[in-house]
file entry12.pdb (PDB, C-alpha atoms, pLDDT in the B column)
ATOM      1  CA  MET A   1      53.655 125.913 173.766  1.00 57.00           C
ATOM      2  CA  SER A   2      56.858 124.870 172.125  1.00 72.00           C
ATOM      3  CA  VAL A   3      57.127 123.999 168.470  1.00 69.00           C
ATOM      4  CA  GLN A   4      57.884 120.376 169.446  1.00 78.00           C
ATOM      5  CA  THR A   5      54.729 120.161 171.593  1.00 78.00           C
ATOM      6  CA  ASP A   6      52.644 121.658 168.777  1.00 89.00           C
ATOM      7  CA  LYS A   7      54.092 119.072 166.364  1.00 92.00           C
ATOM      8  CA  LEU A   8      53.334 116.198 168.740  1.00 91.00           C
ATOM      9  CA  GLU A   9      49.743 117.366 169.154  1.00 94.00           C
ATOM     10  CA  GLU A  10      49.386 117.690 165.381  1.00 94.00           C
ATOM     11  CA  LEU A  11      50.701 114.156 164.953  1.00 94.00           C
ATOM     12  CA  GLY A  12      48.262 112.999 167.630  1.00 93.00           C
ATOM     13  CA  ARG A  13      45.345 114.521 165.717  1.00 96.00           C
ATOM     14  CA  GLU A  14      46.592 112.916 162.499  1.00 96.00           C
ATOM     15  CA  LEU A  15      46.830 109.570 164.269  1.00 96.00           C
ATOM     16  CA  GLY A  16      43.280 109.983 165.575  1.00 96.00           C
ATOM     17  CA  ASP A  17      42.053 110.765 162.073  1.00 97.00           C
ATOM     18  CA  ALA A  18      43.910 107.741 160.690  1.00 97.00           C
ATOM     19  CA  ILE A  19      42.412 105.463 163.348  1.00 97.00           C
ATOM     20  CA  ALA A  20      38.938 106.783 162.512  1.00 97.00           C
ATOM     21  CA  GLU A  21      39.496 105.619 158.924  1.00 97.00           C
ATOM     22  CA  THR A  22      40.430 102.029 159.834  1.00 97.00           C
ATOM     23  CA  PRO A  23      38.026  99.187 159.031  1.00 97.00           C
ATOM     24  CA  GLU A  24      38.001  98.279 162.735  1.00 98.00           C
ATOM     25  CA  TYR A  25      36.816 101.726 163.775  1.00 98.00           C
ATOM     26  CA  GLN A  26      34.238 101.880 160.988  1.00 98.00           C
ATOM     27  CA  ALA A  27      32.868  98.457 161.966  1.00 98.00           C
ATOM     28  CA  PHE A  28      32.717  99.532 165.598  1.00 98.00           C
ATOM     29  CA  GLU A  29      30.803 102.729 164.770  1.00 98.00           C
ATOM     30  CA  GLU A  30      28.336 100.812 162.591  1.00 98.00           C
ATOM     31  CA  ALA A  31      27.768  98.155 165.250  1.00 98.00           C
ATOM     32  CA  LYS A  32      27.382 100.821 167.938  1.00 98.00           C
ATOM     33  CA  ALA A  33      24.788 102.687 165.871  1.00 98.00           C
ATOM     34  CA  ALA A  34      22.875  99.442 165.262  1.00 98.00           C
ATOM     35  CA  VAL A  35      22.814  98.674 168.992  1.00 98.00           C
ATOM     36  CA  GLU A  36      21.733 102.193 169.873  1.00 98.00           C
ATOM     37  CA  ALA A  37      18.891 102.100 167.315  1.00 98.00           C
ATOM     38  CA  ASP A  38      17.496  98.719 168.409  1.00 98.00           C
ATOM     39  CA  ASP A  39      14.813  99.044 171.098  1.00 98.00           C
ATOM     40  CA  GLU A  40      14.973  95.354 171.975  1.00 98.00           C
ATOM     41  CA  VAL A  41      18.740  95.495 172.542  1.00 98.00           C
ATOM     42  CA  GLN A  42      18.369  98.697 174.561  1.00 98.00           C
ATOM     43  CA  ALA A  43      15.729  97.054 176.762  1.00 97.00           C
ATOM     44  CA  GLN A  44      18.027  94.076 177.356  1.00 97.00           C
ATOM     45  CA  ILE A  45      20.909  96.434 178.204  1.00 97.00           C
ATOM     46  CA  SER A  46      18.692  98.228 180.720  1.00 97.00           C
ATOM     47  CA  GLU A  47      17.626  94.948 182.300  1.00 96.00           C
ATOM     48  CA  PHE A  48      21.239  93.777 182.561  1.00 97.00           C
ATOM     49  CA  ARG A  49      22.373  97.073 184.100  1.00 97.00           C
ATOM     50  CA  GLU A  50      19.534  97.016 186.626  1.00 97.00           C
ATOM     51  CA  LEU A  51      20.368  93.466 187.720  1.00 96.00           C
ATOM     52  CA  ARG A  52      24.082  94.294 187.858  1.00 97.00           C
ATOM     53  CA  ASP A  53      23.473  97.431 189.916  1.00 97.00           C
ATOM     54  CA  GLN A  54      21.222  95.541 192.330  1.00 96.00           C
ATOM     55  CA  TYR A  55      23.869  92.865 192.721  1.00 96.00           C
ATOM     56  CA  MET A  56      26.620  95.435 193.320  1.00 96.00           C
ATOM     57  CA  GLN A  57      24.542  97.208 195.957  1.00 96.00           C
ATOM     58  CA  ALA A  58      23.782  93.929 197.704  1.00 95.00           C
ATOM     59  CA  ARG A  59      27.456  93.000 197.538  1.00 95.00           C
ATOM     60  CA  GLN A  60      28.493  96.279 199.173  1.00 95.00           C
ATOM     61  CA  VAL A  61      26.346  95.506 202.198  1.00 95.00           C
ATOM     62  CA  GLY A  62      27.328  91.839 202.276  1.00 94.00           C
ATOM     63  CA  GLN A  63      23.965  90.508 201.084  1.00 94.00           C
ATOM     64  CA  ALA A  64      24.802  89.340 197.573  1.00 92.00           C
ATOM     65  CA  SER A  65      23.732  85.815 196.786  1.00 94.00           C
ATOM     66  CA  GLU A  66      24.883  83.238 194.281  1.00 95.00           C
ATOM     67  CA  GLU A  67      21.379  83.406 192.818  1.00 95.00           C
ATOM     68  CA  SER A  68      21.633  87.142 192.133  1.00 94.00           C
ATOM     69  CA  LEU A  69      25.089  86.676 190.584  1.00 96.00           C
ATOM     70  CA  ARG A  70      23.688  83.903 188.390  1.00 96.00           C
ATOM     71  CA  LYS A  71      20.874  86.217 187.236  1.00 96.00           C
ATOM     72  CA  VAL A  72      23.408  88.904 186.288  1.00 97.00           C
ATOM     73  CA  GLN A  73      25.483  86.376 184.359  1.00 97.00           C
ATOM     74  CA  GLU A  74      22.424  85.002 182.570  1.00 97.00           C
ATOM     75  CA  ALA A  75      21.281  88.504 181.618  1.00 96.00           C
ATOM     76  CA  GLN A  76      24.733  89.249 180.236  1.00 97.00           C
ATOM     77  CA  GLU A  77      24.784  86.001 178.258  1.00 97.00           C
ATOM     78  CA  GLU A  78      21.327  86.767 176.828  1.00 97.00           C
ATOM     79  CA  LEU A  79      22.462  90.272 175.906  1.00 97.00           C
ATOM     80  CA  HIS A  80      25.632  89.064 174.209  1.00 96.00           C
ATOM     81  CA  ALA A  81      23.674  86.371 172.344  1.00 97.00           C
ATOM     82  CA  MET A  82      21.650  89.035 170.546  1.00 98.00           C
ATOM     83  CA  PRO A  83      23.109  89.306 167.019  1.00 98.00           C
ATOM     84  CA  LYS A  84      23.545  93.089 167.017  1.00 98.00           C
ATOM     85  CA  MET A  85      25.123  93.054 170.467  1.00 98.00           C
ATOM     86  CA  ALA A  86      27.407  90.167 169.504  1.00 97.00           C
ATOM     87  CA  GLU A  87      28.561  92.164 166.470  1.00 98.00           C
ATOM     88  CA  TYR A  88      29.140  95.191 168.690  1.00 98.00           C
ATOM     89  CA  VAL A  89      31.226  93.203 171.199  1.00 97.00           C
ATOM     90  CA  ASP A  90      33.267  91.626 168.389  1.00 98.00           C
ATOM     91  CA  ALA A  91      33.834  95.021 166.742  1.00 98.00           C
ATOM     92  CA  GLN A  92      34.864  96.523 170.074  1.00 98.00           C
ATOM     93  CA  GLU A  93      37.401  93.735 170.631  1.00 98.00           C
ATOM     94  CA  GLU A  94      38.824  94.187 167.121  1.00 98.00           C
ATOM     95  CA  LEU A  95      39.172  97.941 167.691  1.00 98.00           C
ATOM     96  CA  GLN A  96      40.839  97.357 171.064  1.00 98.00           C
ATOM     97  CA  ASP A  97      43.309  94.968 169.408  1.00 97.00           C
ATOM     98  CA  ARG A  98      44.108  97.605 166.770  1.00 97.00           C
ATOM     99  CA  LEU A  99      44.583 100.309 169.425  1.00 96.00           C
ATOM    100  CA  GLU A 100      46.846  98.029 171.467  1.00 96.00           C
ATOM    101  CA  ALA A 101      49.002  97.492 168.382  1.00 95.00           C
ATOM    102  CA  VAL A 102      49.189 101.269 167.869  1.00 94.00           C
ATOM    103  CA  ASN A 103      50.124 101.726 171.534  1.00 91.00           C
ATOM    104  CA  GLU A 104      52.890  99.159 171.181  1.00 89.00           C
ATOM    105  CA  ALA A 105      54.191 100.897 168.040  1.00 90.00           C
ATOM    106  CA  ILE A 106      54.289 104.225 169.891  1.00 88.00           C
ATOM    107  CA  SER A 107      55.820 102.754 173.025  1.00 85.00           C
ATOM    108  CA  ALA A 108      58.486 100.605 171.334  1.00 84.00           C
ATOM    109  CA  PRO A 109      60.996 103.357 170.469  1.00 85.00           C
ATOM    110  CA  LEU A 110      60.497 104.933 173.880  1.00 84.00           C
ATOM    111  CA  ASP A 111      61.056 101.696 175.795  1.00 77.00           C
ATOM    112  CA  VAL A 112      57.830 102.550 177.625  1.00 67.00           C
ATOM    113  CA  ASP A 113      54.711 100.480 178.052  1.00 66.00           C
ATOM    114  CA  PHE A 114      51.935 102.693 179.345  1.00 65.00           C
ATOM    115  CA  GLY A 115      49.790  99.654 180.042  1.00 64.00           C
ATOM    116  CA  GLY A 116      52.237  97.935 182.360  1.00 59.00           C
ATOM    117  CA  GLU A 117      55.748  97.927 183.678  1.00 53.00           C
ATOM    118  CA  ALA A 118      58.559  98.873 181.332  1.00 48.00           C
ATOM    119  CA  GLY A 119      62.216  99.591 181.300  1.00 49.00           C
ATOM    120  CA  GLY A 120      62.706  97.949 184.680  1.00 50.00           C
ATOM    121  CA  CYS A 121      62.726 101.347 186.378  1.00 54.00           C
ATOM    122  CA  CYS A 122      61.459 101.925 189.839  1.00 54.00           C
ATOM    123  CA  HIS A 123      59.511  98.670 190.295  1.00 50.00           C
ATOM    124  CA  ASP A 124      61.396  96.477 192.716  1.00 48.00           C
TER     125      ASP A 124
END
call {"tool": "encode", "arguments": {"input": "entry12.pdb", "output": "C-alpha coordinates"}}
result
Amino acid sequence: MSVQTDKLEELGRELGDAIAETPEYQAFEEAKAAVEADDEVQAQISEFRELRDQYMQARQVGQASEESLRKVQEAQEELHAMPKMAEYVDAQEELQDRLEAVNEAISAPLDVDFGGEAGGCCHD
(Lines of atoms letter the chains of each structure in order from A and count residues from 1; the text may use other names and numbers.)
(Lines give C-alpha, C1' and ligand atoms only; values in the text may rest on other atoms or scores of the structure.)
Protein backbone atom coordinates (compact mmCIF):
# COMPACT_ATOMS: atom_id res chain seq x y z
CA MET A 1 0.00 0.00 0.00
CA SER A 2 1.17 3.49 -0.72
CA VAL A 3 1.78 6.06 1.95
CA GLN A 4 -1.17 8.09 0.60
CA THR A 5 -3.52 5.09 0.86
CA ASP A 6 -2.32 4.38 4.41
CA LYS A 7 -2.98 8.04 5.32
CA LEU A 8 -6.48 7.94 3.83
CA GLU A 9 -7.32 4.78 5.76
CA GLU A 10 -5.97 6.35 8.96
CA LEU A 11 -8.13 9.41 8.36
CA GLY A 12 -11.09 7.12 7.73
CA ARG A 13 -10.56 5.40 11.09
CA GLU A 14 -10.24 8.79 12.79
CA LEU A 15 -13.47 9.92 11.14
CA GLY A 16 -15.20 6.74 12.32
CA ASP A 17 -13.97 7.35 15.86
CA ALA A 18 -15.14 10.97 15.70
CA ILE A 19 -18.59 9.92 14.46
CA ALA A 20 -18.84 7.40 17.31
CA GLU A 21 -18.35 10.30 19.74
CA THR A 22 -21.17 12.45 18.33
CA PRO A 23 -24.36 12.96 20.36
CA GLU A 24 -26.34 11.52 17.43
CA TYR A 25 -24.40 8.27 17.46
CA GLN A 26 -24.54 8.00 21.25
CA ALA A 27 -28.32 8.56 21.21
CA PHE A 28 -28.70 5.96 18.49
CA GLU A 29 -26.69 3.36 20.43
CA GLU A 30 -28.69 4.02 23.60
CA ALA A 31 -32.01 3.78 21.78
CA LYS A 32 -30.89 0.61 19.99
CA ALA A 33 -29.87 -1.02 23.28
CA ALA A 34 -33.22 -0.07 24.83
CA VAL A 35 -35.12 -1.62 21.91
CA GLU A 36 -33.01 -4.77 22.00
CA ALA A 37 -33.56 -5.18 25.77
CA ASP A 38 -37.35 -4.72 25.66
CA ASP A 39 -39.21 -8.02 25.21
CA GLU A 40 -42.46 -6.28 24.31
CA VAL A 41 -40.79 -4.26 21.54
CA GLN A 42 -38.99 -7.37 20.29
CA ALA A 43 -42.30 -9.27 20.13
CA GLN A 44 -43.88 -6.43 18.15
CA ILE A 45 -40.88 -6.38 15.78
CA SER A 46 -41.26 -10.12 15.23
CA GLU A 47 -44.98 -9.77 14.54
CA PHE A 48 -44.35 -6.94 12.07
CA ARG A 49 -41.62 -8.90 10.26
CA GLU A 50 -43.82 -11.99 10.03
CA LEU A 51 -46.71 -10.02 8.54
CA ARG A 52 -44.36 -8.20 6.17
CA ASP A 53 -42.74 -11.45 5.03
CA GLN A 54 -46.13 -13.07 4.46
CA TYR A 55 -47.24 -10.07 2.43
CA MET A 56 -44.05 -10.10 0.34
CA GLN A 57 -44.42 -13.80 -0.39
CA ALA A 58 -48.05 -13.34 -1.40
CA ARG A 59 -47.06 -10.39 -3.57
CA GLN A 60 -44.42 -12.45 -5.38
CA VAL A 61 -47.05 -14.95 -6.46
CA GLY A 62 -49.63 -12.29 -7.25
CA GLN A 63 -51.89 -13.05 -4.28
CA ALA A 64 -51.31 -10.01 -2.07
CA SER A 65 -54.44 -8.28 -0.91
CA GLU A 66 -55.20 -4.77 0.26
CA GLU A 67 -56.20 -6.33 3.58
CA SER A 68 -52.79 -7.93 4.09
CA LEU A 69 -51.06 -4.66 3.15
CA ARG A 70 -53.26 -2.83 5.65
CA LYS A 71 -52.28 -5.33 8.37
CA VAL A 72 -48.59 -4.75 7.64
CA GLN A 73 -49.07 -0.98 7.79
CA GLU A 74 -51.02 -1.21 11.04
CA ALA A 75 -48.36 -3.43 12.61
CA GLN A 76 -45.69 -0.93 11.59
CA GLU A 77 -47.68 1.98 13.00
CA GLU A 78 -48.18 0.10 16.29
CA LEU A 79 -44.47 -0.69 16.42
CA HIS A 80 -43.44 2.90 15.76
CA ALA A 81 -45.94 4.16 18.35
CA MET A 82 -44.09 2.30 21.10
CA PRO A 83 -42.03 4.92 22.97
CA LYS A 84 -38.72 3.05 22.83
CA MET A 85 -39.15 2.26 19.14
CA ALA A 86 -40.15 5.86 18.40
CA GLU A 87 -36.97 7.04 20.13
CA TYR A 88 -34.95 4.53 18.13
CA VAL A 89 -36.45 5.67 14.80
CA ASP A 90 -35.87 9.34 15.70
CA ALA A 91 -32.27 8.63 16.75
CA GLN A 92 -31.66 6.69 13.55
CA GLU A 93 -32.96 9.59 11.45
CA GLU A 94 -30.77 12.08 13.35
CA LEU A 95 -27.71 9.87 12.81
CA GLN A 96 -28.53 9.49 9.11
CA ASP A 97 -28.80 13.28 8.80
CA ARG A 98 -25.39 13.67 10.47
CA LEU A 99 -23.83 11.05 8.18
CA GLU A 100 -25.33 12.72 5.10
CA ALA A 101 -23.75 16.00 6.17
CA VAL A 102 -20.39 14.25 6.59
CA ASN A 103 -20.79 12.66 3.14
CA GLU A 104 -21.50 16.06 1.63
CA ALA A 105 -18.43 17.55 3.35
CA ILE A 106 -16.26 14.75 1.94
CA SER A 107 -17.80 14.92 -1.51
CA ALA A 108 -17.77 18.72 -1.90
CA PRO A 109 -14.06 19.20 -2.68
CA LEU A 110 -14.12 16.20 -5.00
CA ASP A 111 -17.16 17.40 -6.96
CA VAL A 112 -18.55 13.90 -6.38
CA ASP A 113 -21.84 12.87 -4.85
CA PHE A 114 -21.73 9.18 -4.08
CA GLY A 115 -25.46 9.18 -3.40
CA GLY A 116 -26.50 10.49 -6.79
CA GLU A 117 -25.32 12.04 -10.00
CA ALA A 118 -22.46 14.52 -9.86
CA GLY A 119 -20.17 16.45 -12.07
CA GLY A 120 -22.41 15.92 -15.08
CA CYS A 121 -20.16 13.12 -16.32
CA CYS A 122 -21.42 10.17 -18.23
CA HIS A 123 -25.15 10.54 -17.50
CA ASP A 124 -26.88 11.72 -20.63
call {"tool": "axis_aligned_box", "arguments": {"input": "entry12.pdb", "around": "segment 94-99 of chain A", "padding_each_side": "8 Å", "output": "AutoDock Vina command-line options"}}
result
--center_x 41.7 --center_y 97.2 --center_z 168.9 --size_x 21.8 --size_y 22.1 --size_z 20.3
call {"tool": "atom_distance", "arguments": {"input": "entry12.pdb", "atom1": "atom CA of Arg70 of chain A", "atom2": "atom CA of Met82 of chain A"}}
result
18.7 Å
call {"tool": "closest_residue", "arguments": {"input": "entry12.pdb", "among": "A:Glu104, A:Glu21, A:Glu93, A:Glu78", "to": "Ala43 of chain A", "atoms": "all atoms listed in the file"}}
result
A:Glu78
call {"tool": "residues_around", "arguments": {"input": "entry12.pdb", "residues": "Glu94 of chain A", "least_positions_apart": "6", "cutoff": "12 Å", "atoms": "only C-alpha atoms", "output": "list in words"}}
result
Thr22, Pro23, Glu24, Tyr25, Gln26, Ala27, Phe28, Glu29, Ala31, Glu87, Tyr88, Glu100 and Ala101 of chain A
call {"tool": "atom_distance", "arguments": {"input": "entry12.pdb", "atom1": "atom CA of Pro109 of chain A", "atom2": "atom CA of Asp97 of chain A"}}
result
19.6 Å
